[in-house]
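First the structure, in the form of structure tokens, and then the observations on it.
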Amino acid sequence: MKLTRYRHTVSIAILACLFGAPVFADSQQPGIDKSGTVTGPAFAIPYSTYASPEAAKMFQQVLADGKKTPSLLLGIEPSRTFYDKINTDRANRMQKIYPVTIHAETIGGVHTDVVLPAGGIAAAQKKRVLINLHGGAFLWGAHSGGLVESIPIANLGKIKVITVDYREGPEHVFPAASEDVAAVYTALLKQYQAKNIGIYGCSAGGVLTGEAVAWMISKKLPVPGAIGTFCGSIAEFSGDSVYTAPILNGQAVPNAPLKLASLPYFAGAKADDPLVFPANSPALLAKFPPTLLITGTRDFSMSSELQSQRLLDDAGVSAELHVWDGMWHSFFSDPEMPESKEAYAVIVNFFDRHLGR
């Protein structure tokens with residue numbers, strides 16, 4: 001009888017762990033106040049067992065690079081130099097895996113880099129073009145950051161990708177970048193039908209993609225055939241991930257999350273303006289084209305991506321969300337991981353399915 005009771009007790013404990021009732025010693029119980037804020041003792045979270053060995057190794061490199069990030073108190077140039085060095089190395093590694101040709105071109109009065117597959121544009125893609133909007137907090141990422149986001153897609157999609165060197169802060173403020181994207185887009189409309197143009201970006205570029213579409217709608221331009229907002233989208237950075245992602249990336253819980261609206265580029269802009277955050281206007285979102293959203297469970301923007309997909313879906317927009325376990329912000333910027341290759345395939349497939357429809 002005692003053995004039966006013992007087995008029963010052990011079974012209950014195992015089930016509790018498996019189905020949502022973690023077992024802690026009394027001294028380790030997390031506290032939750034009436035607002036839902038959780039406080040607790042120190043703990044250990046293993047790296048995702050669903051992530052690849054390559055990702056586990058790269059994660060350590062990403063953490064190491066993060067510790068070298070220059071303080072913005074030193075001015076913007078050290079940060080631009082720091083990220084350009086990282087992105088140049090990534091772009092060089094990418095070109096060995098995904099051969100392309102690259103040339104500079106001014107389109108609509110805006111500097112761009114045009115990335116073409118080394119083997120030539122596929123016949124089915126000759127009437128299509130993709131516009132890339134690089135990431136970098138609206139502060140850095142021009143040229144090398146854009147190439148990182150464009151090289152694999154141009155090669156695998158066998159399609160022309162134009163990455164835009166849009167105006168950034170602190171030298172420029174909203175809506176300068178939206179105006180630059182619209183200028184490039186308007187020029188391309190002379191060569192391509194709107195339904196055959198796709199726009200995508202990562203981080204600040206994902207945010208700008210949503211802003212640019214909102215700007216185009218406000219100027220009564222035809223919307224592009226499809227867009228991609230990766231690691232940044234139409235909603236402000238908020239929700240659970242702005243607190244949990246730092247922990248999962250070996251950082252302290254922030255007292256308050258970084259707000260996009262606090263970036264130098266948005267000086268003087270209003271956070272409730274739908275041209276800044278299209279999430280503020282369901283009517284505006286209803287006019288958006290099919291949208292691809294990409295993030296990872298260790299990405300501080302994950303909650304923003306989830307909320308953006310939810311709002312787009314509520315507005316009747318086809319919004320396709322992909323989340324990779326264990327992946328951090330802009331994880332696919334490093335090309336060697338299986339997860340990065342999966343993300344490239346998802347992007348190429350999405351635009352292939354939606355452009356021209």
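Labeling convention for the structure tokens: chains A, B, ... as they appear, residues from 1 per chain, ligands from 1 in order of appearance.
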
Inset, instruction - Write out as JSON, numbers by chain the residues lying within 12 Å of Pro175 (chain A), counting only C-alpha atoms and excluding same-chain residues fewer than 5 positions away. - result: {"A": [138, 166, 167, 168, 169, 180, 181, 182, 208, 211, 212, 214, 215, 216, 265, 266, 267, 268, 269, 270, 273, 274, 275, 276, 277]}

Inset, instruction - Find the residues near Asp89 (chain A): any atom within 12 Å, counting only C-alpha atoms, skip ones fewer than 4 places away on the same chain, and give them as a list in words. - result: Phe82, Tyr83, Asp84, Lys85, Arg93, Met94, Gln95, Lys96, Ser144, Gly145, Leu147, Val148, Ser333, Asp334 and Pro335 of chain A

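Candidate residues A:Gln125, A:Gln191, A:Gln309, A:Ser35 were compared for distance to Ile107 (chain A), and the nearest is A:Gln191, using only C-alpha atoms.
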
Inset, instruction - Identify which of the residues A:Phe300, A:Phe174, A:Tyr192, A:Tyr98 lies closest to Trp328 (chain A), counting only C-alpha atoms when measuring atom-to-atom distances. - result: A:Phe300

Legend entry - Nearest residue to Ala315 (chain A) from the set A:Asn92, A:Thr186, A:Thr229, A:Ser281 (distances using only C-alpha atoms): A:Ser281

Inset, instruction - Rank A:Ala226, A:Met302, A:Val184, A:Leu260 by their smallest atom-to-atom distance to Gly239 (chain A), using only C-alpha atoms, and report the top residue only. - result: A:Met302

Legend entry - Counting only C-alpha atoms, the residue of A:Val110, A:Ile45, A:Ala137, A:Ala51 that sits nearest Pro264 (chain A):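 That would be A:Ala137, the residue with the smallest distance to Pro264 (chain A).
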
Legend entry - Separation of CA of Gly232 (chain A) from CA of Gly201 (chain A), in Å and rounded to one decimal: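 Computing the Euclidean distance for CA of Gly232 (chain A) and CA of Gly201 (chain A) yields 8.4 Å.
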
Legend entry - Contact residues around region 303-307 of chain A with only C-alpha atoms at 9 Å, ignoring same-chain residues under 2 positions, as a PyMOL selection string: chain A and resi 229-242+279+293-295+299-301+309-312+321

Could you write out that same residue set with N, CA, C and O atoms as an mmCIF file, in the first residue's frame?
```
data_model
loop_
_atom_site.group_PDB
_atom_site.id
_atom_site.type_symbol
_atom_site.label_atom_id
_atom_site.label_comp_id
_atom_site.auth_asym_id
_atom_site.auth_seq_id
_atom_site.Cartn_x
_atom_site.Cartn_y
_atom_site.Cartn_z
ATOM 1 N N THR A 229 7.734 41.666 -43.040
ATOM 2 C CA THR A 229 8.180 42.443 -41.876
ATOM 3 C C THR A 229 8.807 41.469 -40.885
ATOM 4 O O THR A 229 8.110 40.725 -40.212
ATOM 5 N N PHE A 230 10.135 41.482 -40.818
ATOM 6 C CA PHE A 230 10.868 40.484 -40.032
ATOM 7 C C PHE A 230 11.521 41.134 -38.811
ATOM 8 O O PHE A 230 12.194 42.156 -38.919
ATOM 9 N N CYS A 231 11.323 40.524 -37.644
ATOM 10 C CA CYS A 231 11.950 41.020 -36.400
ATOM 11 C C CYS A 231 11.620 42.483 -36.145
ATOM 12 O O CYS A 231 12.410 43.231 -35.556
ATOM 13 N N GLY A 232 10.481 42.908 -36.573
ATOM 14 C CA GLY A 232 9.997 44.272 -36.447
ATOM 15 C C GLY A 232 8.861 44.430 -37.430
ATOM 16 O O GLY A 232 8.971 43.991 -38.581
ATOM 17 N N SER A 233 7.749 45.040 -37.001
ATOM 18 C CA SER A 233 6.588 45.082 -37.884
ATOM 19 C C SER A 233 5.791 46.359 -37.677
ATOM 20 O O SER A 233 6.374 47.435 -37.515
ATOM 21 N N ILE A 234 4.471 46.243 -37.622
ATOM 22 C CA ILE A 234 3.606 47.416 -37.622
ATOM 23 C C ILE A 234 3.254 47.918 -36.230
ATOM 24 O O ILE A 234 2.646 48.970 -36.080
ATOM 25 N N ALA A 235 3.631 47.179 -35.181
ATOM 26 C CA ALA A 235 3.295 47.539 -33.809
ATOM 27 C C ALA A 235 4.562 47.864 -33.021
ATOM 28 O O ALA A 235 5.647 47.344 -33.303
ATOM 29 N N GLU A 236 4.429 48.706 -32.019
ATOM 30 C CA GLU A 236 5.547 49.081 -31.144
ATOM 31 C C GLU A 236 6.119 47.860 -30.441
ATOM 32 O O GLU A 236 5.434 46.860 -30.222
ATOM 33 N N PHE A 237 7.408 47.900 -30.108
ATOM 34 C CA PHE A 237 8.018 46.828 -29.327
ATOM 35 C C PHE A 237 7.436 46.850 -27.920
ATOM 36 O O PHE A 237 7.617 47.811 -27.171
ATOM 37 N N SER A 238 6.745 45.789 -27.559
ATOM 38 C CA SER A 238 6.122 45.707 -26.246
ATOM 39 C C SER A 238 5.767 44.248 -25.984
ATOM 40 O O SER A 238 6.253 43.345 -26.667
ATOM 41 N N GLY A 239 4.933 43.991 -24.966
ATOM 42 C CA GLY A 239 4.508 42.630 -24.668
ATOM 43 C C GLY A 239 5.545 41.857 -23.875
ATOM 44 O O GLY A 239 6.541 42.398 -23.390
ATOM 45 N N ASP A 240 5.336 40.555 -23.734
ATOM 46 C CA ASP A 240 6.199 39.705 -22.912
ATOM 47 C C ASP A 240 7.648 39.683 -23.378
ATOM 48 O O ASP A 240 8.585 39.695 -22.578
ATOM 49 N N SER A 241 7.864 39.630 -24.696
ATOM 50 C CA SER A 241 9.211 39.360 -25.199
ATOM 51 C C SER A 241 10.212 40.471 -24.907
ATOM 52 O O SER A 241 11.418 40.218 -24.864
ATOM 53 N N VAL A 242 9.746 41.699 -24.697
ATOM 54 C CA VAL A 242 10.705 42.770 -24.406
ATOM 55 C C VAL A 242 11.327 42.585 -23.025
ATOM 56 O O VAL A 242 12.379 43.168 -22.723
ATOM 57 N N ALA A 279 -0.371 49.850 -36.875
ATOM 58 C CA ALA A 279 -1.237 49.100 -35.964
ATOM 59 C C ALA A 279 -2.313 49.983 -35.346
ATOM 60 O O ALA A 279 -3.339 49.482 -34.874
ATOM 61 N N LEU A 293 5.604 37.467 -41.737
ATOM 62 C CA LEU A 293 6.236 37.897 -40.496
ATOM 63 C C LEU A 293 7.149 36.793 -39.985
ATOM 64 O O LEU A 293 6.763 35.613 -39.961
ATOM 65 N N ILE A 294 8.364 37.160 -39.582
ATOM 66 C CA ILE A 294 9.365 36.200 -39.119
ATOM 67 C C ILE A 294 9.969 36.682 -37.808
ATOM 68 O O ILE A 294 10.285 37.865 -37.659
ATOM 69 N N THR A 295 10.158 35.757 -36.858
ATOM 70 C CA THR A 295 10.784 36.089 -35.585
ATOM 71 C C THR A 295 11.299 34.811 -34.936
ATOM 72 O O THR A 295 11.215 33.728 -35.513
ATOM 73 N N ASP A 299 13.899 36.594 -29.545
ATOM 74 C CA ASP A 299 13.884 37.904 -30.179
ATOM 75 C C ASP A 299 13.012 38.848 -29.356
ATOM 76 O O ASP A 299 11.840 38.559 -29.093
ATOM 77 N N PHE A 300 13.559 40.004 -28.949
ATOM 78 C CA PHE A 300 12.773 40.952 -28.152
ATOM 79 C C PHE A 300 11.564 41.481 -28.907
ATOM 80 O O PHE A 300 10.609 41.972 -28.304
ATOM 81 N N SER A 301 11.567 41.356 -30.241
ATOM 82 C CA SER A 301 10.438 41.840 -31.037
ATOM 83 C C SER A 301 9.366 40.774 -31.257
ATOM 84 O O SER A 301 8.392 41.028 -31.963
ATOM 85 N N GLN A 309 0.713 40.269 -36.483
ATOM 86 C CA GLN A 309 0.002 39.233 -37.244
ATOM 87 C C GLN A 309 -1.453 39.178 -36.845
ATOM 88 O O GLN A 309 -2.351 39.057 -37.688
ATOM 89 N N ARG A 310 -1.691 39.297 -35.551
ATOM 90 C CA ARG A 310 -3.067 39.262 -35.035
ATOM 91 C C ARG A 310 -3.897 40.410 -35.610
ATOM 92 O O ARG A 310 -5.041 40.210 -36.058
ATOM 93 N N LEU A 311 -3.331 41.628 -35.605
ATOM 94 C CA LEU A 311 -4.069 42.800 -36.078
ATOM 95 C C LEU A 311 -4.285 42.749 -37.594
ATOM 96 O O LEU A 311 -5.349 43.130 -38.085
ATOM 97 N N LEU A 312 -3.284 42.280 -38.321
ATOM 98 C CA LEU A 312 -3.454 42.136 -39.769
ATOM 99 C C LEU A 312 -4.528 41.114 -40.093
ATOM 100 O O LEU A 312 -5.359 41.324 -40.979
ATOM 101 N N LEU A 321 2.810 33.955 -40.362
ATOM 102 C CA LEU A 321 3.794 34.105 -39.288
ATOM 103 C C LEU A 321 4.638 32.848 -39.139
ATOM 104 O O LEU A 321 4.113 31.736 -39.078
#
```

Legend entry - Using only C-alpha atoms: which of A:Leu258, A:Ile131, A:Leu156, A:Ile197 has the shortest distance to Val100 (chain A):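 Ranked by minimum distance to Val100 (chain A), first place goes to A:Leu156.
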